[in-house]
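**Student:** Below you will find the structure I want to go over with you.
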Amino acid sequence: MASSSVFETKNTKPRGSSEPTLLRLPIFILSLAFSSQTETYRRRAQKRHLGDKMSWTRRGFIASTLAFSAKPSFAETTVVRTPGYPWVVTLPNAPSGVALTFDDGPHPDHTPRLLDILGNEGVKATFFLIGRSVAAYPQIARQIVEQGHEVGNHTWNHPFLAEMPFASVLSEIDRTNRIIEDTTGKSPHVFRPPYGSFTGRQSARLAVERGMTTVFWSVDPHDWRRPGPDEVARRILQMARPGSIILTHDIHWGTVAAMPATIAGLRARNLATTLVSPTLA
Ligand SMILES: [Zn+2]
């Protein structure tokens, strides 16, 4: 995909420079083209009943948001780097890989057990952590990073975000970024909205204002309904294909117990596991 550098703005001019104003039109046009590209993912998501199809109105709205965010305040930062993908539903650059993602941790019992399994299997995964749980179990959050996994942001309180004012959304995300960074030394580049409750506009603004990509999913085994480990593994393997982002939760025993069979099944189908961020470059 050729869009990774579209929104990368380098500006070392003093505050008040007129250059960002001149950037607005090209950013607007490129954003229109860009969001039509990401709509491919939206369409795939819709087929699986995971999201709504993006209209031209919404595309224009996102393009306007991005364009008008390029205001002189950008000049305060030496380099403003916004990800090429404001949001993803599948992995953009992983032709044969899938991403295992675990939400809602760290959990005091299940997460360490999962880490043992992943360690034994030599598999790396992406953990979307809840800020208040990182505060409660900092040692486990550190273990996740020490063992080479990626940490993402899953808000502090796990609210529905789509209807919230953006300032409140940012405060949930910032507070969580801070504790993850203070605890693990890593600052998250990826964000997963609880319940998938996040608008295209919110994703676009998060990309512009925090440089984070919103990560949805394309495989959902509904493990939170606790159907049992065998069924969780069966559902994942039935749906997984190259580029899948697999949504699970490491706060359920059955999900963790499903991982050895899941990993073996993915291997049998030559689906390598990958972290999310490296596929966004
Ligand atoms: Zn969650």
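Identifiers for the structure tokens are assigned positionally: chains receive A, B, ... in sequence, residues are indexed from 1 per chain, and ligands are indexed from 1 in the order shown.
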Using only C-alpha atoms and all ligand atoms, what are the residues with an atom within 12 Å of ligand 1, set out as a VMD selection string?

**Tutor:** chain A and resid 101 to 106 127 to 131 133 152 to 161 191 to 197 216 222 to 224 247 to 252

**Student:** Need to verify the contact set: A:Gly243, 6 Å, only C-alpha atoms, exclusion of same-chain residues closer than 3 positions in sequence. Can you return it as a list in words?

**Tutor:**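 Everything that qualifies: Thr90, Leu91, Ala94, Gly97 and Val98 of chain A.
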
**Student:** Work out how far atom CA of A:Met212 is from atom CA of A:His189, in Å to one decimal.

**Tutor:**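 Distance reported for this atom pair: 4.9 Å.
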
**Student:** As a VMD selection string, which residues of stretch 116-248 of chain A does DSSP assign to alpha helix (DSSP H)?

**Tutor:** chain A and resid 116 to 121 131 to 136 138 to 146 166 to 184 200 to 210 229 to 239

**Student:** Atom CA of A:Gln143 to atom CA of A:Val276: how many Å, to one decimal?

**Tutor:**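 Those two atoms sit 18.5 Å apart.
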
**Student:** Would you work out the distance separating atom CA of A:Tyr137 from atom CA of A:Leu100, expressed in Å to one decimal?

**Tutor:**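 Atom-to-atom, atom CA of A:Tyr137 to atom CA of A:Leu100, that is 21.6 Å.
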
**Student:** List as a ChimeraX atom specification the protein and nucleic acid residues near A:Val208, meaning an atom at most 6 Å away when only C-alpha atoms are counted, but skip any in the same chain fewer than 3 places from it.

**Tutor:** /A:82,205,211

**Student:** Which of these, A:Val232, A:Ala204, A:Val219, A:Leu25, has the shortest distance to A:Pro260 once you count only C-alpha atoms?

**Tutor:**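 Counting only C-alpha atoms, the residue closest to A:Pro260 is A:Val232.
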
**Student:** Nearest residue to A:Gly228 out of A:Pro112, A:Gly254, A:Pro26, A:Gly119, using only C-alpha atoms?

**Tutor:**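 Among A:Pro112, A:Gly254, A:Pro26, A:Gly119, it is A:Gly254 that comes nearest to A:Gly228.
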
**Student:** Using only C-alpha atoms, which of the listed residues (A:Arg201, A:Val88, A:Arg210, A:Asp182) sits closest to A:Gly60?

**Tutor:**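 Counting only C-alpha atoms, the residue closest to A:Gly60 is A:Arg201.
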
**Student:** Using only C-alpha atoms, which protein or nucleic acid residues come within 12 Å of A:Glu181? Drop anything in the same chain fewer than 3 positions from it, and give the result as a list in words.

**Tutor:**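 Using only C-alpha atoms, the neighbours found are Leu129, Gly131, Val134, Ala135, Pro138, Ala141, Arg142, Val145, Val151, Gly152, Asn153, Asp174, Arg175, Thr176, Asn177, Arg178, Thr184, Gly185, Lys186, Ser187, Pro188 and His189 of chain A.
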
**Student:** Using N, CA and C atoms, can you export the residues from the last selection as a PDB file, in the first residue's frame?

**Tutor:**
ATOM      1  N   LEU A 129      -4.082  -3.359  26.442  1.00  0.00           N
ATOM      2  CA  LEU A 129      -4.188  -3.329  27.902  1.00  0.00           C
ATOM      3  C   LEU A 129      -5.155  -2.253  28.384  1.00  0.00           C
ATOM      4  N   GLY A 131      -5.846   0.473  31.134  1.00  0.00           N
ATOM      5  CA  GLY A 131      -4.973   1.262  32.003  1.00  0.00           C
ATOM      6  C   GLY A 131      -5.106   0.919  33.469  1.00  0.00           C
ATOM      7  N   VAL A 134      -3.347  -2.213  34.278  1.00  0.00           N
ATOM      8  CA  VAL A 134      -1.890  -2.055  34.301  1.00  0.00           C
ATOM      9  C   VAL A 134      -1.483  -1.486  35.665  1.00  0.00           C
ATOM     10  N   ALA A 135      -2.286  -0.541  36.178  1.00  0.00           N
ATOM     11  CA  ALA A 135      -2.005   0.024  37.498  1.00  0.00           C
ATOM     12  C   ALA A 135      -2.096  -1.053  38.580  1.00  0.00           C
ATOM     13  N   PRO A 138       1.198  -4.164  37.529  1.00  0.00           N
ATOM     14  CA  PRO A 138       2.293  -3.611  36.704  1.00  0.00           C
ATOM     15  C   PRO A 138       3.342  -4.655  36.326  1.00  0.00           C
ATOM     16  N   ALA A 141       2.345  -6.466  33.234  1.00  0.00           N
ATOM     17  CA  ALA A 141       2.507  -5.613  32.045  1.00  0.00           C
ATOM     18  C   ALA A 141       3.979  -5.583  31.623  1.00  0.00           C
ATOM     19  N   ARG A 142       4.868  -5.506  32.601  1.00  0.00           N
ATOM     20  CA  ARG A 142       6.301  -5.510  32.269  1.00  0.00           C
ATOM     21  C   ARG A 142       6.711  -6.831  31.633  1.00  0.00           C
ATOM     22  N   VAL A 145       6.008  -7.033  27.896  1.00  0.00           N
ATOM     23  CA  VAL A 145       6.991  -6.334  27.063  1.00  0.00           C
ATOM     24  C   VAL A 145       8.334  -7.056  27.072  1.00  0.00           C
ATOM     25  N   VAL A 151       2.499  -3.958  23.160  1.00  0.00           N
ATOM     26  CA  VAL A 151       1.413  -3.472  24.012  1.00  0.00           C
ATOM     27  C   VAL A 151       0.668  -2.350  23.300  1.00  0.00           C
ATOM     28  N   GLY A 152      -0.668  -2.461  23.320  1.00  0.00           N
ATOM     29  CA  GLY A 152      -1.535  -1.436  22.755  1.00  0.00           C
ATOM     30  C   GLY A 152      -2.422  -0.872  23.845  1.00  0.00           C
ATOM     31  N   ASN A 153      -3.124   0.189  23.486  1.00  0.00           N
ATOM     32  CA  ASN A 153      -3.970   0.932  24.429  1.00  0.00           C
ATOM     33  C   ASN A 153      -5.427   0.480  24.261  1.00  0.00           C
ATOM     34  N   ASP A 174      -4.882   9.034  26.830  1.00  0.00           N
ATOM     35  CA  ASP A 174      -3.622   9.597  27.336  1.00  0.00           C
ATOM     36  C   ASP A 174      -3.237   8.991  28.687  1.00  0.00           C
ATOM     37  N   ARG A 175      -4.247   8.875  29.564  1.00  0.00           N
ATOM     38  CA  ARG A 175      -3.966   8.335  30.893  1.00  0.00           C
ATOM     39  C   ARG A 175      -3.420   6.905  30.770  1.00  0.00           C
ATOM     40  N   THR A 176      -3.986   6.156  29.845  1.00  0.00           N
ATOM     41  CA  THR A 176      -3.547   4.770  29.639  1.00  0.00           C
ATOM     42  C   THR A 176      -2.166   4.718  28.988  1.00  0.00           C
ATOM     43  N   ASN A 177      -1.946   5.590  28.001  1.00  0.00           N
ATOM     44  CA  ASN A 177      -0.600   5.646  27.400  1.00  0.00           C
ATOM     45  C   ASN A 177       0.455   5.933  28.456  1.00  0.00           C
ATOM     46  N   ARG A 178       0.122   6.869  29.357  1.00  0.00           N
ATOM     47  CA  ARG A 178       1.100   7.257  30.388  1.00  0.00           C
ATOM     48  C   ARG A 178       1.448   6.095  31.293  1.00  0.00           C
ATOM     49  N   THR A 184       6.127   0.073  31.533  1.00  0.00           N
ATOM     50  CA  THR A 184       6.863  -0.861  30.666  1.00  0.00           C
ATOM     51  C   THR A 184       7.995  -0.190  29.890  1.00  0.00           C
ATOM     52  N   GLY A 185       7.996   1.143  29.836  1.00  0.00           N
ATOM     53  CA  GLY A 185       8.998   1.844  29.045  1.00  0.00           C
ATOM     54  C   GLY A 185       8.644   1.913  27.566  1.00  0.00           C
ATOM     55  N   LYS A 186       7.520   1.334  27.179  1.00  0.00           N
ATOM     56  CA  LYS A 186       7.091   1.372  25.770  1.00  0.00           C
ATOM     57  C   LYS A 186       5.853   2.241  25.634  1.00  0.00           C
ATOM     58  N   SER A 187       5.833   3.096  24.599  1.00  0.00           N
ATOM     59  CA  SER A 187       4.598   3.852  24.381  1.00  0.00           C
ATOM     60  C   SER A 187       3.830   3.221  23.223  1.00  0.00           C
ATOM     61  N   PRO A 188       2.558   2.940  23.444  1.00  0.00           N
ATOM     62  CA  PRO A 188       1.768   2.231  22.432  1.00  0.00           C
ATOM     63  C   PRO A 188       1.582   3.042  21.141  1.00  0.00           C
ATOM     64  N   HIS A 189       1.618   2.356  20.015  1.00  0.00           N
ATOM     65  CA  HIS A 189       1.327   2.984  18.721  1.00  0.00           C
ATOM     66  C   HIS A 189      -0.047   2.590  18.222  1.00  0.00           C
TER      67      HIS A 189
END

**Student:** Which residue, A:Ala257, A:Val215, A:Leu275, A:Ala281, has the smallest gap to A:Val123 when you use only C-alpha atoms?

**Tutor:** A:Leu275
